[in-house]
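Trainee: Hey, dropping data-v1.cif in here, mmCIF, C-alpha atoms and all ligand atoms:
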```
data_structure
loop_
_atom_site.group_PDB
_atom_site.id
_atom_site.type_symbol
_atom_site.label_atom_id
_atom_site.label_comp_id
_atom_site.auth_asym_id
_atom_site.auth_seq_id
_atom_site.Cartn_x
_atom_site.Cartn_y
_atom_site.Cartn_z
ATOM 1 C CA MET W 280 8.436 -20.929 2.804
ATOM 2 C CA LEU W 281 6.022 -22.232 5.420
ATOM 3 C CA ALA W 282 8.372 -21.373 8.256
ATOM 4 C CA ARG W 283 8.425 -17.797 6.970
ATOM 5 C CA LEU W 284 4.629 -17.754 6.937
ATOM 6 C CA VAL W 285 4.229 -17.478 10.670
ATOM 7 C CA ALA W 286 7.823 -17.116 11.757
ATOM 8 C CA HIS W 287 6.793 -14.414 14.183
ATOM 9 C CA LEU W 288 4.437 -16.800 15.997
ATOM 10 C CA ARG W 289 5.455 -19.406 18.516
ATOM 11 C CA PRO W 290 3.666 -22.270 20.188
ATOM 12 C CA LEU W 291 2.194 -21.442 23.558
ATOM 13 C CA GLY W 292 1.901 -24.972 24.908
ATOM 14 C CA PRO W 293 -1.170 -26.863 26.028
ATOM 15 C CA ALA W 294 -4.430 -25.188 26.950
ATOM 16 C CA GLY W 295 -3.568 -25.582 30.623
ATOM 17 C CA ALA W 296 -0.671 -23.197 30.115
ATOM 18 C CA ALA W 297 -2.947 -20.326 29.122
ATOM 19 C CA ALA W 298 -1.945 -18.256 32.107
ATOM 20 C CA SER W 299 1.610 -18.127 30.839
ATOM 21 C CA ALA W 300 0.750 -17.095 27.294
ATOM 22 C CA PRO W 301 3.071 -14.291 26.272
ATOM 23 C CA ALA W 302 1.912 -10.899 25.157
ATOM 24 C CA GLU W 303 1.720 -10.383 21.419
ATOM 25 C CA GLU W 304 5.015 -9.649 19.776
ATOM 26 C CA GLY W 305 5.741 -5.995 19.268
ATOM 27 C CA GLY W 306 5.560 -4.459 15.862
ATOM 28 C CA ASP W 307 3.156 -2.841 13.482
ATOM 29 C CA THR W 308 -0.457 -3.037 14.681
ATOM 30 C CA THR W 309 -1.917 -0.564 12.194
ATOM 31 C CA PRO W 310 -5.079 -2.111 10.707
ATOM 32 C CA TRP W 311 -5.104 -2.724 6.984
ATOM 33 C CA TRP W 312 -7.300 0.262 6.189
ATOM 34 C CA ASP W 313 -4.954 2.739 7.874
ATOM 35 C CA GLY W 314 -1.721 1.613 6.260
ATOM 36 C CA PRO W 315 0.053 3.933 3.849
ATOM 37 C CA VAL W 316 -0.825 3.942 0.163
ATOM 38 C CA GLY W 317 1.800 2.459 -2.145
ATOM 39 C CA THR W 318 3.228 -0.023 0.363
ATOM 40 C CA LYS W 319 3.456 -3.702 1.229
ATOM 41 C CA ARG W 320 3.466 -4.708 4.863
ATOM 42 C CA THR W 321 2.481 -7.413 7.321
ATOM 43 C CA TYR W 322 0.972 -7.246 10.779
ATOM 44 C CA LEU W 323 -0.941 -9.361 13.273
ATOM 45 C CA HIS W 324 -4.636 -8.545 13.157
ATOM 46 C CA PRO W 325 -5.827 -8.873 16.761
ATOM 47 C CA VAL W 326 -8.333 -11.423 17.999
ATOM 48 C CA PRO W 327 -10.880 -9.822 20.340
ATOM 49 C CA GLY W 328 -10.837 -10.801 23.989
ATOM 50 C CA ALA W 329 -8.860 -10.156 27.111
ATOM 51 C CA ASP W 330 -7.873 -13.720 28.015
ATOM 52 C CA ALA W 331 -4.318 -14.992 27.868
ATOM 53 C CA TRP W 332 -4.782 -16.724 24.501
ATOM 54 C CA ALA W 333 -5.948 -13.880 22.276
ATOM 55 C CA PRO W 334 -2.661 -11.964 22.166
ATOM 56 C CA GLY W 335 -0.717 -14.952 20.853
ATOM 57 C CA ARG W 336 -3.271 -15.843 18.215
ATOM 58 C CA GLY W 337 -3.370 -12.671 16.118
ATOM 59 C CA LEU W 338 -4.005 -13.263 12.433
ATOM 60 C CA PRO W 339 -0.946 -12.904 10.163
ATOM 61 C CA THR W 340 -2.160 -10.301 7.680
ATOM 62 C CA LEU W 341 -0.367 -9.199 4.520
ATOM 63 C CA VAL W 342 -1.455 -5.952 2.913
ATOM 64 C CA VAL W 343 -0.619 -4.465 -0.461
ATOM 65 C CA ARG W 344 -1.999 -0.979 -0.998
ATOM 66 C CA GLY W 345 -1.744 0.147 -4.564
ATOM 67 C CA ASP W 346 -0.467 3.506 -5.647
ATOM 68 C CA ARG W 347 -3.906 4.271 -7.079
ATOM 69 C CA PRO W 348 -7.337 4.095 -5.419
ATOM 70 C CA GLY W 349 -9.611 1.149 -6.144
ATOM 71 C CA PRO W 350 -11.570 -1.731 -4.609
ATOM 72 C CA THR W 351 -10.392 -3.943 -1.753
ATOM 73 C CA LEU W 352 -9.944 -7.701 -2.148
ATOM 74 C CA LEU W 353 -9.799 -9.979 0.912
ATOM 75 C CA VAL W 354 -8.157 -13.399 0.569
ATOM 76 C CA THR W 355 -8.017 -15.852 3.473
ATOM 77 C CA ALA W 356 -6.317 -19.177 4.124
ATOM 78 C CA GLY W 357 -5.812 -21.522 7.024
ATOM 79 C CA VAL W 358 -9.359 -21.813 8.327
ATOM 80 C CA HIS W 359 -8.153 -25.325 9.068
ATOM 81 C CA GLY W 360 -4.657 -25.282 10.526
ATOM 82 C CA ASP W 361 -3.353 -28.239 8.532
ATOM 83 C CA GLU W 362 -4.153 -26.895 5.068
ATOM 84 C CA TYR W 363 -0.803 -25.436 4.098
ATOM 85 C CA GLU W 364 -1.006 -24.939 0.336
ATOM 86 C CA PRO W 365 -3.260 -21.844 0.397
ATOM 87 C CA MET W 366 -1.067 -20.334 3.116
ATOM 88 C CA ALA W 367 1.976 -20.804 0.905
ATOM 89 C CA ALA W 368 0.094 -19.438 -2.124
ATOM 90 C CA ILE W 369 -0.676 -16.222 -0.249
ATOM 91 C CA GLN W 370 3.028 -15.818 0.537
ATOM 92 C CA ARG W 371 3.868 -16.222 -3.136
ATOM 93 C CA VAL W 372 1.214 -13.762 -4.324
ATOM 94 C CA PHE W 373 2.283 -11.235 -1.705
ATOM 95 C CA GLY W 374 5.850 -11.479 -2.987
ATOM 96 C CA GLU W 375 4.768 -10.840 -6.560
ATOM 97 C CA LEU W 376 2.290 -7.979 -6.097
ATOM 98 C CA GLN W 377 3.720 -4.506 -6.638
ATOM 99 C CA PRO W 378 1.964 -1.371 -5.335
ATOM 100 C CA ALA W 379 2.937 0.564 -8.457
ATOM 101 C CA GLU W 380 0.981 -1.907 -10.582
ATOM 102 C CA LEU W 381 -2.086 -2.055 -8.335
ATOM 103 C CA ALA W 382 -5.246 0.067 -8.095
ATOM 104 C CA GLY W 383 -6.878 -0.689 -4.736
ATOM 105 C CA THR W 384 -5.895 -2.881 -1.826
ATOM 106 C CA VAL W 385 -5.258 -6.607 -1.440
ATOM 107 C CA VAL W 386 -5.629 -7.886 2.128
ATOM 108 C CA MET W 387 -4.541 -11.472 2.723
ATOM 109 C CA VAL W 388 -4.858 -13.371 5.989
ATOM 110 C CA SER W 389 -2.362 -16.175 5.562
ATOM 111 C CA CYS W 390 -3.617 -18.160 8.559
ATOM 112 C CA CYS W 391 -7.063 -17.657 10.085
ATOM 113 C CA ASN W 392 -6.724 -20.434 12.640
ATOM 114 C CA VAL W 393 -3.363 -19.845 14.262
ATOM 115 C CA ASP W 394 -4.101 -22.099 17.225
ATOM 116 C CA ALA W 395 -4.810 -25.052 14.923
ATOM 117 C CA TYR W 396 -1.782 -24.228 12.757
ATOM 118 C CA LEU W 397 0.547 -24.264 15.735
ATOM 119 C CA SER W 398 -0.593 -27.783 16.566
ATOM 120 C CA GLN W 399 -0.679 -28.884 12.893
ATOM 121 C CA SER W 400 -4.326 -29.837 13.242
ATOM 122 C CA ARG W 401 -7.691 -29.094 11.676
ATOM 123 C CA GLU W 402 -9.341 -27.776 14.833
ATOM 124 C CA ALA W 403 -8.092 -25.319 17.426
ATOM 125 C CA GLN W 404 -6.578 -27.076 20.411
ATOM 126 C CA VAL W 405 -7.628 -24.428 22.933
ATOM 127 C CA ASP W 406 -11.349 -25.130 22.544
ATOM 128 C CA GLY W 407 -11.565 -28.074 20.119
ATOM 129 C CA ALA W 408 -13.690 -26.003 17.753
ATOM 130 C CA ASN W 409 -13.742 -26.165 13.961
ATOM 131 C CA LEU W 410 -13.455 -22.602 12.668
ATOM 132 C CA ALA W 411 -15.499 -23.478 9.579
ATOM 133 C CA ARG W 412 -18.426 -24.421 11.839
ATOM 134 C CA VAL W 413 -18.650 -21.429 14.177
ATOM 135 C CA PHE W 414 -19.994 -18.792 11.814
ATOM 136 C CA PRO W 415 -20.919 -16.074 12.570
ATOM 137 C CA GLY W 416 -18.834 -16.244 15.739
ATOM 138 C CA SER W 417 -19.076 -14.202 18.904
ATOM 139 C CA ALA W 418 -16.886 -11.492 20.398
ATOM 140 C CA GLU W 419 -17.569 -12.992 23.843
ATOM 141 C CA GLY W 420 -17.153 -16.657 22.866
ATOM 142 C CA THR W 421 -14.319 -19.166 22.850
ATOM 143 C CA LEU W 422 -11.067 -18.356 21.069
ATOM 144 C CA THR W 423 -12.350 -19.867 17.815
ATOM 145 C CA GLU W 424 -15.658 -18.021 18.066
ATOM 146 C CA ARG W 425 -13.780 -14.778 18.654
ATOM 147 C CA VAL W 426 -11.587 -15.344 15.582
ATOM 148 C CA ARG W 427 -14.850 -15.423 13.621
ATOM 149 C CA ALA W 428 -16.392 -12.457 15.413
ATOM 150 C CA PRO W 429 -17.275 -9.539 13.168
ATOM 151 C CA ALA W 430 -14.031 -7.711 12.561
ATOM 152 C CA PRO W 431 -13.640 -4.010 13.113
ATOM 153 C CA SER W 432 -13.763 -2.143 9.864
ATOM 154 C CA PRO W 433 -12.736 1.220 8.518
ATOM 155 C CA ALA W 434 -14.830 4.253 9.282
ATOM 156 C CA PRO W 435 -17.233 5.052 6.433
HETATM 157 ZN ZN ZN H 1 -10.602 -26.314 5.239
#
```
Please, can you express the file's structure as structure tokens?
Mentor:
Amino acid sequence: MLARLVAHLRPLGPAGAAASAPAEEGGDTTPWWDGPVGTKRTYLHPVPGADAWAPGRGLPTLVVRGDRPGPTLLVTAGVHGDEYEPMAAIQRVFGELQPAELAGTVVMVSCCNVDAYLSQSREAQVDGANLARVFPGSAEGTLTERVRAPAPSPAP
């Protein structure tokens, strides 16, 4: 199950290899608020920044939009990259939720700290930062600070 969690991600090597970081994998980049009603889908929510690391560290995001309108629930896991149980729980819940039975939207980020996950560690290896200690983050900061930067949101 864990391999499926971030199967579309791959290690990028040590921080010194940043210049060779690959572009983000192709695929759906539609943000959660623009996805079609009555569907389940996954995508990589982008990390802000134009350096070589950001594209390979997008947040695996699982979205279930119910057939009927309603509130939005956000669930996150993997603030620390070596805490696997909540990541696996999100996968299980995503598998069980059915749009026809749901009013509203469930957005689940199965791994908030992809850099730490890829190195099976608590802190990100790129900058040594602890994601739980960089709130509120900065769009111009290190990779970890940018993960915590205020996310874009749907138009009112
Ligand atoms: Zn933690």
Trainee: Using only C-alpha atoms, what does the table of region 385-424 of chain W residues within 7 Å of region 326-344 of chain W look like, with each row giving the shortest atom pair and its distance in Å to one decimal, sorted by chain and ascending number, as CSV?
Mentor:
```
residue,atom,partner,partner_atom,distance
W:Val385,CA,W:Val343,CA,5.2
W:Val386,CA,W:Val342,CA,4.7
W:Met387,CA,W:Leu341,CA,5.1
W:Val388,CA,W:Thr340,CA,4.4
W:Ser389,CA,W:Pro339,CA,5.8
W:Cys390,CA,W:Pro339,CA,6.1
W:Cys391,CA,W:Leu338,CA,5.8
W:Val393,CA,W:Arg336,CA,5.6
W:Asp394,CA,W:Arg336,CA,6.4
W:Ala418,CA,W:Pro327,CA,6.2
W:Leu422,CA,W:Ala333,CA,6.9
```
Trainee: Which residues sit within 8 Å of ligand ZN 1 (chain H), counting only C-alpha atoms and all ligand atoms, listed as a CSV table (one decimal) with C-alpha atoms, in the coordinates of the input?
Mentor:
```csv
chain,number,residue,atom,x,y,z
W,357,GLY,CA,-5.8,-21.5,7.0
W,358,VAL,CA,-9.4,-21.8,8.3
W,359,HIS,CA,-8.2,-25.3,9.1
W,362,GLU,CA,-4.2,-26.9,5.1
W,401,ARG,CA,-7.7,-29.1,11.7
W,411,ALA,CA,-15.5,-23.5,9.6
```
Trainee: Identify, on the basis of all atoms listed in the file, every residue whose closest approach to region 306-313 of chain W does not exceed 7 Å; exclude the query and any residue fewer than 5 positions from it along the same chain; express the result as a list in words.
Mentor: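 Selected residues are Tyr322, Leu323, His324, Val342 and Pro433 of chain W.
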Trainee: If the PyMOL selection byres (((chain W and resi 425) around 10) and not hetatm) were run on this exact file, what residues would it hold? Put them as JSON, numbers by chain.
Mentor: {"W": [326, 327, 328, 333, 410, 413, 415, 416, 417, 418, 419, 420, 421, 422, 423, 424, 426, 427, 428, 429, 430]}
Trainee: Please produce a file of the residues just selected, as a PDB file, keeping the file's coordinate frame, where the atoms kept are C-alpha atoms.
Mentor:
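Listing of part_33.pdb after writing:
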```pdb
ATOM      1  CA  VAL W 326      -8.333 -11.423  17.999  1.00  0.00           C
ATOM      2  CA  PRO W 327     -10.880  -9.822  20.340  1.00  0.00           C
ATOM      3  CA  GLY W 328     -10.837 -10.801  23.989  1.00  0.00           C
ATOM      4  CA  ALA W 333      -5.948 -13.880  22.276  1.00  0.00           C
ATOM      5  CA  LEU W 410     -13.455 -22.602  12.668  1.00  0.00           C
ATOM      6  CA  VAL W 413     -18.650 -21.429  14.177  1.00  0.00           C
ATOM      7  CA  PRO W 415     -20.919 -16.074  12.570  1.00  0.00           C
ATOM      8  CA  GLY W 416     -18.834 -16.244  15.739  1.00  0.00           C
ATOM      9  CA  SER W 417     -19.076 -14.202  18.904  1.00  0.00           C
ATOM     10  CA  ALA W 418     -16.886 -11.492  20.398  1.00  0.00           C
ATOM     11  CA  GLU W 419     -17.569 -12.992  23.843  1.00  0.00           C
ATOM     12  CA  GLY W 420     -17.153 -16.657  22.866  1.00  0.00           C
ATOM     13  CA  THR W 421     -14.319 -19.166  22.850  1.00  0.00           C
ATOM     14  CA  LEU W 422     -11.067 -18.356  21.069  1.00  0.00           C
ATOM     15  CA  THR W 423     -12.350 -19.867  17.815  1.00  0.00           C
ATOM     16  CA  GLU W 424     -15.658 -18.021  18.066  1.00  0.00           C
ATOM     17  CA  VAL W 426     -11.587 -15.344  15.582  1.00  0.00           C
ATOM     18  CA  ARG W 427     -14.850 -15.423  13.621  1.00  0.00           C
ATOM     19  CA  ALA W 428     -16.392 -12.457  15.413  1.00  0.00           C
ATOM     20  CA  PRO W 429     -17.275  -9.539  13.168  1.00  0.00           C
ATOM     21  CA  ALA W 430     -14.031  -7.711  12.561  1.00  0.00           C
TER      22      ALA W 430
END
```
Trainee: For the file shown, what are the residues hit by the PyMOL selection byres (((chain W and resi 368) around 12) and not hetatm), laid out as a list in words?
Mentor: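 Written out, the selection comes to Met280, Leu281, Leu284, Val354, Thr355, Ala356, Gly357, Glu362, Tyr363, Glu364, Pro365, Met366, Ala367, Ile369, Gln370, Arg371, Val372, Phe373, Gly374, Glu375, Met387, Val388, Ser389 and Cys390 of chain W.
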Trainee: Please produce a file of the residues just selected, as a tab-separated table (two decimals), in the coordinates of the input, where the atoms kept are C-alpha atoms.
Mentor:
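Contents of the output file again.tsv:
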```tsv
chain	number	residue	atom	x	y	z
W	280	MET	CA	8.44	-20.93	2.80
W	281	LEU	CA	6.02	-22.23	5.42
W	284	LEU	CA	4.63	-17.75	6.94
W	354	VAL	CA	-8.16	-13.40	0.57
W	355	THR	CA	-8.02	-15.85	3.47
W	356	ALA	CA	-6.32	-19.18	4.12
W	357	GLY	CA	-5.81	-21.52	7.02
W	362	GLU	CA	-4.15	-26.90	5.07
W	363	TYR	CA	-0.80	-25.44	4.10
W	364	GLU	CA	-1.01	-24.94	0.34
W	365	PRO	CA	-3.26	-21.84	0.40
W	366	MET	CA	-1.07	-20.33	3.12
W	367	ALA	CA	1.98	-20.80	0.90
W	369	ILE	CA	-0.68	-16.22	-0.25
W	370	GLN	CA	3.03	-15.82	0.54
W	371	ARG	CA	3.87	-16.22	-3.14
W	372	VAL	CA	1.21	-13.76	-4.32
W	373	PHE	CA	2.28	-11.24	-1.70
W	374	GLY	CA	5.85	-11.48	-2.99
W	375	GLU	CA	4.77	-10.84	-6.56
W	387	MET	CA	-4.54	-11.47	2.72
W	388	VAL	CA	-4.86	-13.37	5.99
W	389	SER	CA	-2.36	-16.18	5.56
W	390	CYS	CA	-3.62	-18.16	8.56
```
